[in-house]
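File shown here: coords35.cif, holding mmCIF, C-alpha atoms; chains and numbers go by the auth columns.
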data_model
#
loop_
_atom_site.group_PDB
_atom_site.id
_atom_site.type_symbol
_atom_site.label_atom_id
_atom_site.label_comp_id
_atom_site.label_asym_id
_atom_site.label_seq_id
_atom_site.Cartn_x
_atom_site.Cartn_y
_atom_site.Cartn_z
_atom_site.B_iso_or_equiv
_atom_site.auth_seq_id
_atom_site.auth_asym_id
ATOM 1 C CA MET A 1 -82.616 -69.374 -120.597 0.00 1081 F
ATOM 2 C CA LEU A 2 -79.954 -72.057 -120.485 0.00 1082 F
ATOM 3 C CA ARG A 3 -80.420 -75.332 -118.684 0.00 1083 F
ATOM 4 C CA LEU A 4 -78.483 -78.547 -118.610 0.00 1084 F
ATOM 5 C CA HIS A 5 -78.990 -80.857 -121.572 0.00 1085 F
ATOM 6 C CA ARG A 6 -80.834 -84.048 -120.674 0.00 1086 F
ATOM 7 C CA LEU A 7 -77.982 -86.248 -121.902 0.00 1087 F
ATOM 8 C CA PHE A 8 -76.045 -86.416 -118.640 0.00 1088 F
ATOM 9 C CA PRO A 9 -72.233 -86.875 -118.864 0.00 1089 F
ATOM 10 C CA LEU A 10 -71.450 -90.167 -117.165 0.00 1090 F
ATOM 11 C CA GLY A 11 -68.038 -91.282 -118.344 0.00 1091 F
ATOM 12 C CA LEU A 12 -64.374 -90.387 -117.987 0.00 1092 F
ATOM 13 C CA SER A 13 -61.981 -88.776 -120.453 0.00 1093 F
ATOM 14 C CA VAL A 14 -59.728 -91.215 -122.270 0.00 1094 F
ATOM 15 C CA ALA A 15 -56.685 -89.839 -120.452 0.00 1095 F
ATOM 16 C CA ALA A 16 -58.314 -90.684 -117.135 0.00 1096 F
ATOM 17 C CA CYS A 17 -58.979 -94.331 -118.034 0.00 1097 F
ATOM 18 C CA LEU A 18 -56.080 -95.766 -116.066 0.00 1098 F
ATOM 19 C CA LEU A 19 -57.763 -98.823 -114.586 0.00 1099 F
ATOM 20 C CA ALA A 20 -58.496 -101.994 -116.509 0.00 1100 F
ATOM 21 C CA GLN A 21 -62.225 -101.314 -116.185 0.00 1101 F
ATOM 22 C CA SER A 22 -64.091 -98.242 -115.011 0.00 1102 F
ATOM 23 C CA THR A 23 -67.199 -98.127 -112.847 0.00 1103 F
ATOM 24 C CA PRO A 24 -70.150 -98.776 -115.182 0.00 1104 F
ATOM 25 C CA PRO A 25 -71.285 -95.326 -116.330 0.00 1105 F
ATOM 26 C CA ILE A 26 -74.653 -96.588 -117.643 0.00 1106 F
ATOM 27 C CA ASP A 27 -76.522 -99.677 -116.473 0.00 1107 F
ATOM 28 C CA ASN A 28 -80.261 -99.963 -117.043 0.00 1108 F
ATOM 29 C CA ASP A 29 -82.737 -102.493 -118.426 0.00 1109 F
ATOM 30 C CA GLN A 30 -81.583 -101.937 -122.022 0.00 1110 F
ATOM 31 C CA VAL A 31 -77.808 -101.621 -121.877 0.00 1111 F
ATOM 32 C CA HIS A 32 -74.734 -101.992 -119.692 0.00 1112 F
ATOM 33 C CA VAL A 33 -71.888 -99.655 -120.672 0.00 1113 F
ATOM 34 C CA VAL A 34 -68.300 -99.854 -119.457 0.00 1114 F
ATOM 35 C CA THR A 35 -65.087 -98.160 -120.542 0.00 1115 F
ATOM 36 C CA VAL A 36 -62.210 -100.639 -120.646 0.00 1116 F
ATOM 37 C CA THR A 37 -58.490 -99.982 -121.052 0.00 1117 F
ATOM 38 C CA ASP A 38 -56.411 -103.058 -121.921 0.00 1118 F
ATOM 39 C CA GLN A 39 -52.632 -103.017 -121.561 0.00 1119 F
ATOM 40 C CA PRO A 40 -50.452 -104.428 -124.356 0.00 1120 F
ATOM 41 C CA HIS A 41 -49.259 -108.035 -124.146 0.00 1121 F
ATOM 42 C CA ALA A 42 -51.344 -108.857 -121.058 0.00 1122 F
ATOM 43 C CA MET A 43 -53.533 -111.861 -121.837 0.00 1123 F
ATOM 44 C CA THR A 44 -56.890 -111.968 -120.102 0.00 1124 F
ATOM 45 C CA ALA A 45 -58.199 -114.940 -118.171 0.00 1125 F
ATOM 46 C CA LEU A 46 -60.550 -117.304 -119.991 0.00 1126 F
ATOM 47 C CA HIS A 47 -63.975 -115.632 -120.117 0.00 1127 F
ATOM 48 C CA GLU A 48 -67.151 -115.323 -122.193 0.00 1128 F
ATOM 49 C CA HIS A 49 -69.591 -112.642 -123.321 0.00 1129 F
ATOM 50 C CA LYS A 50 -73.200 -113.713 -122.942 0.00 1130 F
ATOM 51 C CA LEU A 51 -74.639 -110.559 -124.548 0.00 1131 F
ATOM 52 C CA ASN A 52 -74.193 -108.969 -127.960 0.00 1132 F
ATOM 53 C CA ARG A 53 -72.112 -105.801 -127.785 0.00 1133 F
ATOM 54 C CA VAL A 54 -71.406 -102.579 -129.643 0.00 1134 F
ATOM 55 C CA MET A 55 -67.689 -101.761 -129.427 0.00 1135 F
ATOM 56 C CA VAL A 56 -66.520 -98.159 -129.835 0.00 1136 F
ATOM 57 C CA TYR A 57 -62.735 -97.954 -130.106 0.00 1137 F
ATOM 58 C CA LEU A 58 -61.294 -94.739 -128.679 0.00 1138 F
ATOM 59 C CA THR A 59 -57.714 -95.637 -129.619 0.00 1139 F
ATOM 60 C CA ALA A 60 -56.130 -97.611 -132.441 0.00 1140 F
ATOM 61 C CA GLY A 61 -54.787 -101.095 -131.862 0.00 1141 F
ATOM 62 C CA GLN A 62 -54.888 -104.814 -132.515 0.00 1142 F
ATOM 63 C CA GLN A 63 -56.172 -107.725 -130.427 0.00 1143 F
ATOM 64 C CA GLU A 64 -55.670 -111.459 -130.664 0.00 1144 F
ATOM 65 C CA ILE A 65 -58.654 -113.554 -129.541 0.00 1145 F
ATOM 66 C CA ILE A 66 -58.229 -117.287 -128.950 0.00 1146 F
ATOM 67 C CA THR A 67 -61.280 -119.473 -128.312 0.00 1147 F
ATOM 68 C CA GLN A 68 -61.265 -122.420 -125.936 0.00 1148 F
ATOM 69 C CA ASP A 69 -60.796 -124.825 -128.856 0.00 1149 F
ATOM 70 C CA GLY A 70 -57.721 -122.929 -130.068 0.00 1150 F
ATOM 71 C CA LYS A 71 -59.207 -120.879 -132.933 0.00 1151 F
ATOM 72 C CA LYS A 72 -57.377 -117.552 -133.302 0.00 1152 F
ATOM 73 C CA THR A 73 -58.891 -114.275 -134.579 0.00 1153 F
ATOM 74 C CA ILE A 74 -57.043 -110.980 -135.117 0.00 1154 F
ATOM 75 C CA VAL A 75 -59.110 -107.798 -134.662 0.00 1155 F
ATOM 76 C CA LYS A 76 -57.644 -104.521 -135.947 0.00 1156 F
ATOM 77 C CA TYR A 77 -59.213 -101.107 -135.397 0.00 1157 F
ATOM 78 C CA LYS A 78 -58.607 -97.396 -135.753 0.00 1158 F
ATOM 79 C CA ALA A 79 -59.516 -94.684 -133.272 0.00 1159 F
ATOM 80 C CA GLY A 80 -63.210 -93.934 -133.759 0.00 1160 F
ATOM 81 C CA ASP A 81 -64.107 -97.314 -135.270 0.00 1161 F
ATOM 82 C CA VAL A 82 -67.339 -98.963 -134.142 0.00 1162 F
ATOM 83 C CA LYS A 83 -68.072 -102.685 -134.512 0.00 1163 F
ATOM 84 C CA TRP A 84 -70.760 -105.242 -133.668 0.00 1164 F
ATOM 85 C CA SER A 85 -69.505 -108.060 -131.443 0.00 1165 F
ATOM 86 C CA PRO A 86 -71.898 -111.037 -131.131 0.00 1166 F
ATOM 87 C CA ALA A 87 -72.144 -113.003 -127.899 0.00 1167 F
ATOM 88 C CA SER A 88 -69.283 -115.464 -127.699 0.00 1168 F
ATOM 89 C CA GLY A 89 -68.120 -118.544 -125.827 0.00 1169 F
ATOM 90 C CA MET A 90 -65.050 -118.951 -123.648 0.00 1170 F
ATOM 91 C CA HIS A 91 -61.915 -117.254 -124.954 0.00 1171 F
ATOM 92 C CA THR A 92 -58.844 -115.202 -124.032 0.00 1172 F
ATOM 93 C CA SER A 93 -57.833 -111.875 -125.552 0.00 1173 F
ATOM 94 C CA GLU A 94 -54.568 -109.989 -125.751 0.00 1174 F
ATOM 95 C CA VAL A 95 -53.621 -106.579 -127.105 0.00 1175 F
ATOM 96 C CA THR A 96 -50.767 -107.294 -129.516 0.00 1176 F
ATOM 97 C CA SER A 97 -50.130 -103.684 -130.555 0.00 1177 F
ATOM 98 C CA ALA A 98 -47.604 -101.533 -128.688 0.00 1178 F
ATOM 99 C CA ALA A 99 -49.841 -99.139 -126.741 0.00 1179 F
ATOM 100 C CA PRO A 100 -52.851 -99.566 -124.410 0.00 1180 F
ATOM 101 C CA VAL A 101 -56.260 -99.569 -126.070 0.00 1181 F
ATOM 102 C CA THR A 102 -59.424 -98.001 -124.686 0.00 1182 F
ATOM 103 C CA ILE A 103 -62.841 -99.294 -125.720 0.00 1183 F
ATOM 104 C CA VAL A 104 -66.380 -98.276 -124.782 0.00 1184 F
ATOM 105 C CA GLU A 105 -68.358 -101.526 -124.633 0.00 1185 F
ATOM 106 C CA LEU A 106 -72.164 -101.473 -124.800 0.00 1186 F
ATOM 107 C CA GLU A 107 -73.752 -104.779 -123.787 0.00 1187 F
ATOM 108 C CA VAL A 108 -77.257 -104.959 -125.296 0.00 1188 F
ATOM 109 C CA LYS A 109 -79.562 -106.564 -122.740 0.00 1189 F
ATOM 110 C CA LYS A 110 -82.842 -106.995 -124.614 0.00 1190 F
ATOM 111 C CA PRO A 111 -83.843 -108.578 -127.924 0.00 1191 F
ATOM 112 C CA GLY A 112 -85.165 -106.280 -130.603 0.00 1192 F
ATOM 113 C CA ASP A 113 -88.828 -105.315 -130.677 0.00 1193 F
ATOM 114 C CA PRO A 114 -90.139 -105.043 -134.276 0.00 1194 F
ATOM 115 C CA SER A 115 -92.491 -102.257 -133.196 0.00 1195 F
ATOM 116 C CA LYS A 116 -89.552 -100.082 -132.124 0.00 1196 F
ATOM 117 C CA THR A 117 -88.176 -98.244 -135.139 0.00 1197 F
ATOM 118 C CA ALA A 118 -86.671 -94.861 -135.975 0.00 1198 F
ATOM 119 C CA THR A 119 -89.264 -94.289 -138.712 0.00 1199 F
ATOM 120 C CA THR A 120 -90.256 -90.616 -138.709 0.00 1200 F
ATOM 121 C CA ALA A 121 -90.115 -87.812 -141.257 0.00 1201 F
ATOM 122 C CA LEU A 122 -87.830 -85.996 -138.805 0.00 1202 F
ATOM 123 C CA ASP A 123 -85.357 -88.864 -138.452 0.00 1203 F
ATOM 124 C CA PRO A 124 -81.963 -87.059 -138.391 0.00 1204 F
ATOM 125 C CA VAL A 125 -80.606 -89.495 -140.986 0.00 1205 F
ATOM 126 C CA LYS A 126 -83.314 -88.180 -143.357 0.00 1206 F
ATOM 127 C CA VAL A 127 -83.225 -84.538 -142.253 0.00 1207 F
ATOM 128 C CA SER A 128 -79.460 -84.178 -142.529 0.00 1208 F
ATOM 129 C CA PRO A 129 -77.819 -87.185 -144.236 0.00 1209 F
ATOM 130 C CA LYS A 130 -74.570 -85.229 -144.595 0.00 1210 F
ATOM 131 C CA ASN A 131 -74.223 -85.139 -140.799 0.00 1211 F
ATOM 132 C CA TYR A 132 -75.905 -88.401 -139.725 0.00 1212 F
ATOM 133 C CA LYS A 133 -74.735 -91.630 -141.350 0.00 1213 F
ATOM 134 C CA VAL A 134 -75.790 -95.152 -140.349 0.00 1214 F
ATOM 135 C CA GLU A 135 -72.719 -97.268 -139.553 0.00 1215 F
ATOM 136 C CA PHE A 136 -74.735 -100.467 -139.184 0.00 1216 F
ATOM 137 C CA GLU A 137 -78.184 -101.644 -138.123 0.00 1217 F
ATOM 138 C CA ASN A 138 -79.672 -104.924 -136.938 0.00 1218 F
ATOM 139 C CA ASP A 139 -82.717 -106.129 -134.983 0.00 1219 F
ATOM 140 C CA GLN A 140 -81.348 -104.750 -131.663 0.00 1220 F
ATOM 141 C CA VAL A 141 -79.612 -101.463 -132.489 0.00 1221 F
ATOM 142 C CA ARG A 142 -79.048 -98.748 -135.032 0.00 1222 F
ATOM 143 C CA VAL A 143 -75.601 -97.153 -134.856 0.00 1223 F
ATOM 144 C CA VAL A 144 -75.159 -93.675 -136.335 0.00 1224 F
ATOM 145 C CA ARG A 145 -71.980 -91.639 -136.792 0.00 1225 F
ATOM 146 C CA VAL A 146 -72.588 -87.888 -136.369 0.00 1226 F
ATOM 147 C CA LYS A 147 -70.222 -85.192 -137.651 0.00 1227 F
ATOM 148 C CA TYR A 148 -70.582 -81.415 -137.492 0.00 1228 F
ATOM 149 C CA THR A 149 -68.156 -78.897 -138.950 0.00 1229 F
ATOM 150 C CA ALA A 150 -67.228 -75.798 -136.939 0.00 1230 F
ATOM 151 C CA HIS A 151 -70.367 -73.769 -136.071 0.00 1231 F
ATOM 152 C CA GLU A 152 -72.559 -75.958 -138.255 0.00 1232 F
ATOM 153 C CA GLY A 153 -76.240 -76.295 -137.431 0.00 1233 F
ATOM 154 C CA VAL A 154 -78.888 -78.901 -138.233 0.00 1234 F
ATOM 155 C CA PRO A 155 -82.634 -78.133 -138.432 0.00 1235 F
ATOM 156 C CA GLN A 156 -85.213 -79.684 -136.134 0.00 1236 F
ATOM 157 C CA HIS A 157 -85.060 -83.473 -135.994 0.00 1237 F
ATOM 158 C CA GLU A 158 -86.512 -86.181 -133.793 0.00 1238 F
ATOM 159 C CA HIS A 159 -85.050 -89.064 -131.812 0.00 1239 F
ATOM 160 C CA LEU A 160 -87.689 -91.779 -131.292 0.00 1240 F
ATOM 161 C CA LEU A 161 -85.561 -94.360 -129.473 0.00 1241 F
ATOM 162 C CA ASN A 162 -83.551 -94.421 -126.269 0.00 1242 F
ATOM 163 C CA ARG A 163 -79.868 -94.023 -127.062 0.00 1243 F
ATOM 164 C CA VAL A 164 -76.321 -93.891 -125.763 0.00 1244 F
ATOM 165 C CA VAL A 165 -73.992 -91.244 -127.170 0.00 1245 F
ATOM 166 C CA VAL A 166 -70.217 -91.806 -127.179 0.00 1246 F
ATOM 167 C CA TYR A 167 -68.199 -88.610 -127.701 0.00 1247 F
ATOM 168 C CA LEU A 168 -65.109 -89.006 -129.899 0.00 1248 F
ATOM 169 C CA THR A 169 -64.128 -85.326 -129.722 0.00 1249 F
ATOM 170 C CA ASN A 170 -64.797 -82.334 -127.515 0.00 1250 F
ATOM 171 C CA GLN A 171 -68.404 -81.263 -127.934 0.00 1251 F
ATOM 172 C CA HIS A 172 -70.256 -78.054 -127.094 0.00 1252 F
ATOM 173 C CA SER A 173 -73.662 -77.717 -128.718 0.00 1253 F
ATOM 174 C CA LYS A 174 -76.763 -75.576 -128.418 0.00 1254 F
ATOM 175 C CA LEU A 175 -79.988 -77.565 -128.658 0.00 1255 F
ATOM 176 C CA THR A 176 -83.171 -75.603 -129.277 0.00 1256 F
ATOM 177 C CA LEU A 177 -86.338 -77.439 -128.214 0.00 1257 F
ATOM 178 C CA PRO A 178 -89.730 -77.052 -129.947 0.00 1258 F
ATOM 179 C CA ASP A 179 -90.932 -74.747 -127.141 0.00 1259 F
ATOM 180 C CA GLY A 180 -87.942 -72.438 -127.663 0.00 1260 F
ATOM 181 C CA LYS A 181 -86.027 -73.506 -124.570 0.00 1261 F
ATOM 182 C CA ILE A 182 -82.308 -74.088 -124.996 0.00 1262 F
ATOM 183 C CA ASP A 183 -80.152 -76.932 -123.732 0.00 1263 F
ATOM 184 C CA ASP A 184 -76.404 -76.382 -123.423 0.00 1264 F
ATOM 185 C CA SER A 185 -74.551 -79.684 -124.004 0.00 1265 F
ATOM 186 C CA GLN A 186 -70.831 -80.077 -123.266 0.00 1266 F
ATOM 187 C CA HIS A 187 -68.737 -83.279 -123.229 0.00 1267 F
ATOM 188 C CA GLN A 188 -65.138 -84.417 -123.505 0.00 1268 F
ATOM 189 C CA PRO A 189 -63.665 -87.219 -125.634 0.00 1269 F
ATOM 190 C CA GLY A 190 -64.445 -90.625 -124.162 0.00 1270 F
ATOM 191 C CA GLN A 191 -67.506 -89.511 -122.210 0.00 1271 F
ATOM 192 C CA VAL A 192 -70.846 -91.225 -122.707 0.00 1272 F
ATOM 193 C CA SER A 193 -74.412 -90.097 -122.075 0.00 1273 F
ATOM 194 C CA TRP A 194 -77.943 -91.501 -122.046 0.00 1274 F
ATOM 195 C CA GLY A 195 -80.859 -89.876 -123.854 0.00 1275 F
ATOM 196 C CA GLY A 196 -84.530 -90.553 -124.455 0.00 1276 F
ATOM 197 C CA PRO A 197 -86.940 -89.556 -127.219 0.00 1277 F
ATOM 198 C CA GLY A 198 -87.107 -85.878 -128.120 0.00 1278 F
ATOM 199 C CA LYS A 199 -87.036 -83.168 -130.792 0.00 1279 F
ATOM 200 C CA HIS A 200 -84.547 -80.317 -131.169 0.00 1280 F
ATOM 201 C CA LYS A 201 -82.416 -78.219 -133.484 0.00 1281 F
ATOM 202 C CA GLU A 202 -78.673 -78.472 -132.914 0.00 1282 F
ATOM 203 C CA GLU A 203 -75.730 -76.142 -133.467 0.00 1283 F
ATOM 204 C CA ASN A 204 -72.031 -76.787 -132.928 0.00 1284 F
ATOM 205 C CA LEU A 205 -70.668 -73.885 -130.855 0.00 1285 F
ATOM 206 C CA LEU A 206 -67.008 -74.857 -131.285 0.00 1286 F
ATOM 207 C CA ASP A 207 -64.453 -73.487 -133.749 0.00 1287 F
ATOM 208 C CA LYS A 208 -63.634 -77.074 -134.753 0.00 1288 F
ATOM 209 C CA PRO A 209 -65.537 -80.177 -135.886 0.00 1289 F
ATOM 210 C CA ILE A 210 -67.270 -82.571 -133.498 0.00 1290 F
ATOM 211 C CA GLU A 211 -67.855 -86.298 -133.931 0.00 1291 F
ATOM 212 C CA VAL A 212 -69.994 -88.709 -131.885 0.00 1292 F
ATOM 213 C CA ILE A 213 -71.355 -92.236 -132.137 0.00 1293 F
ATOM 214 C CA VAL A 214 -75.079 -92.699 -131.366 0.00 1294 F
ATOM 215 C CA VAL A 215 -76.341 -96.177 -130.458 0.00 1295 F
ATOM 216 C CA GLU A 216 -80.152 -96.461 -130.572 0.00 1296 F
ATOM 217 C CA PHE A 217 -81.910 -99.379 -128.880 0.00 1297 F
ATOM 218 C CA LYS A 218 -84.847 -101.166 -130.530 0.00 1298 F
ATOM 219 C CA SER A 219 -86.231 -102.608 -127.312 0.00 1299 F
#
Just give me the structure as structure tokens.
Amino acid sequence: MLRLHRLFPLGLSVAACLLAQSTPPIDNDQVHVVTVTDQPHAMTALHEHKLNRVMVYLTAGQQEIITQDGKKTIVKYKAGDVKWSPASGMHTSEVTSAAPVTIVELEVKKPGDPSKTATTALDPVKVSPKNYKVEFENDQVRVVRVKYTAHEGVPQHEHLLNRVVVYLTNQHSKLTLPDGKIDDSQHQPGQVSWGGPGKHKEENLLDKPIEVIVVEFKS
């Protein structure tokens, strides 16, 4: 029997991101997620970011960030890059590349809890290191890049932490739960979803590779 996968699609495709900022697709006690599209050569007003963020870049580009005291930083990124952005003081930003850039921004609301870890024998990074690779990790998050080739499957693994998934490609997967029930999971590039702890096997049902970014919260 098929039933909807528990990671609910909550975002918009990249092509649909026409406004400067979308309605927040995820906002709970751990994270606030927004999809932002910035137009080239349009400087923002002076602003600040009071929370640390994970930035997932859906398109390539370059930004110039100028702090209130005049310090200038150039940030370059490729489509699919993911970066840690610490809380910052007042600044402006401007896309200096030629095309609009779309970014999924995850504002991390809570400090890390040392008791919250991904330590388990069924951690997907241990079960299938070819498919699950840690991009970076700190006291608040672990960020994992996941890649499956066409029709590739991964044996049973376990997610211990709440997580946000950002889909970089089309995705259609079959997830088999320990009780034999099947979840059918489908998403488009640029969508995001929220998931809690759970165990499953996973199989890519597409004739092409899939790639996602998983952000796990240690709070």
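Each of F:Ser1253, F:Asn1284, F:Ser1208, F:Thr1182 was compared to Tyr1228 (chain F) using all atoms listed in the file, and F:Asn1284 turns out to be the nearest.
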Nearest residue to Ala1179 (chain F) out of F:Lys1254, F:His1121, F:His1267, F:Lys1130, using all atoms listed in the file?
F:His1121
Atom pair CA of Pro1258 (chain F) / CA of Leu1202 (chain F): separation (Å):
12.7 Å
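Distance annotation: of F:Val1292, F:Val1136, F:Val1188, F:Ile1262, the residue with the minimal separation from Asn1108 (chain F) is F:Val1188; atom set is all atoms listed in the file.
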Residues picked by the PyMOL selection byres ((chain F and resi 1122) around 9) here, as a ChimeraX atom specification?
/F:1118-1121,1123-1124,1173-1176
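Going from CA of Asp1203 (chain F) to CA of Pro1105 (chain F) covers 27.0 Å.
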Hey, which bits of region 1089-1205 of chain F sit within 10 Å of region 1229-1240 of chain F, and for each residue what's the closest pair of atoms and how far apart in Å (one decimal), counting all atoms listed in the file, rows by chain and increasing number, as JSON lines?
{"residue": "F:Lys1196", "atom": "CA", "partner": "F:Leu1240", "partner_atom": "CA", "distance": 8.6}
{"residue": "F:Thr1197", "atom": "CA", "partner": "F:Leu1240", "partner_atom": "CA", "distance": 7.5}
{"residue": "F:Ala1198", "atom": "CA", "partner": "F:Leu1240", "partner_atom": "CA", "distance": 5.7}
{"residue": "F:Thr1199", "atom": "CA", "partner": "F:Leu1240", "partner_atom": "CA", "distance": 8.0}
{"residue": "F:Thr1200", "atom": "CA", "partner": "F:Glu1238", "partner_atom": "CA", "distance": 7.6}
{"residue": "F:Ala1201", "atom": "CA", "partner": "F:Glu1238", "partner_atom": "CA", "distance": 8.4}
{"residue": "F:Leu1202", "atom": "CA", "partner": "F:His1237", "partner_atom": "CA", "distance": 4.7}
{"residue": "F:Asp1203", "atom": "CA", "partner": "F:Glu1238", "partner_atom": "CA", "distance": 5.5}
{"residue": "F:Pro1204", "atom": "CA", "partner": "F:His1237", "partner_atom": "CA", "distance": 5.3}
{"residue": "F:Val1205", "atom": "CA", "partner": "F:His1237", "partner_atom": "CA", "distance": 9.0}
Would you mind reading off the distance between CA of Gly1270 (chain F) and CA of Ile1183 (chain F), one decimal, in Å?
9.0 Å
I need every residue sitting at most 10 Å from the point (-63.4, -113.7, -117.2) (coordinates as in the file, all atoms listed in the file considered), written as an mmCIF file with C-alpha atoms, in the coordinates of the input.
data_model
loop_
_atom_site.group_PDB
_atom_site.id
_atom_site.type_symbol
_atom_site.label_atom_id
_atom_site.label_comp_id
_atom_site.auth_asym_id
_atom_site.auth_seq_id
_atom_site.Cartn_x
_atom_site.Cartn_y
_atom_site.Cartn_z
ATOM 1 C CA THR F 1124 -56.890 -111.968 -120.102
ATOM 2 C CA ALA F 1125 -58.199 -114.940 -118.171
ATOM 3 C CA LEU F 1126 -60.550 -117.304 -119.991
ATOM 4 C CA HIS F 1127 -63.975 -115.632 -120.117
ATOM 5 C CA GLU F 1128 -67.151 -115.323 -122.193
ATOM 6 C CA HIS F 1129 -69.591 -112.642 -123.321
ATOM 7 C CA MET F 1170 -65.050 -118.951 -123.648
ATOM 8 C CA HIS F 1171 -61.915 -117.254 -124.954
ATOM 9 C CA THR F 1172 -58.844 -115.202 -124.032
#
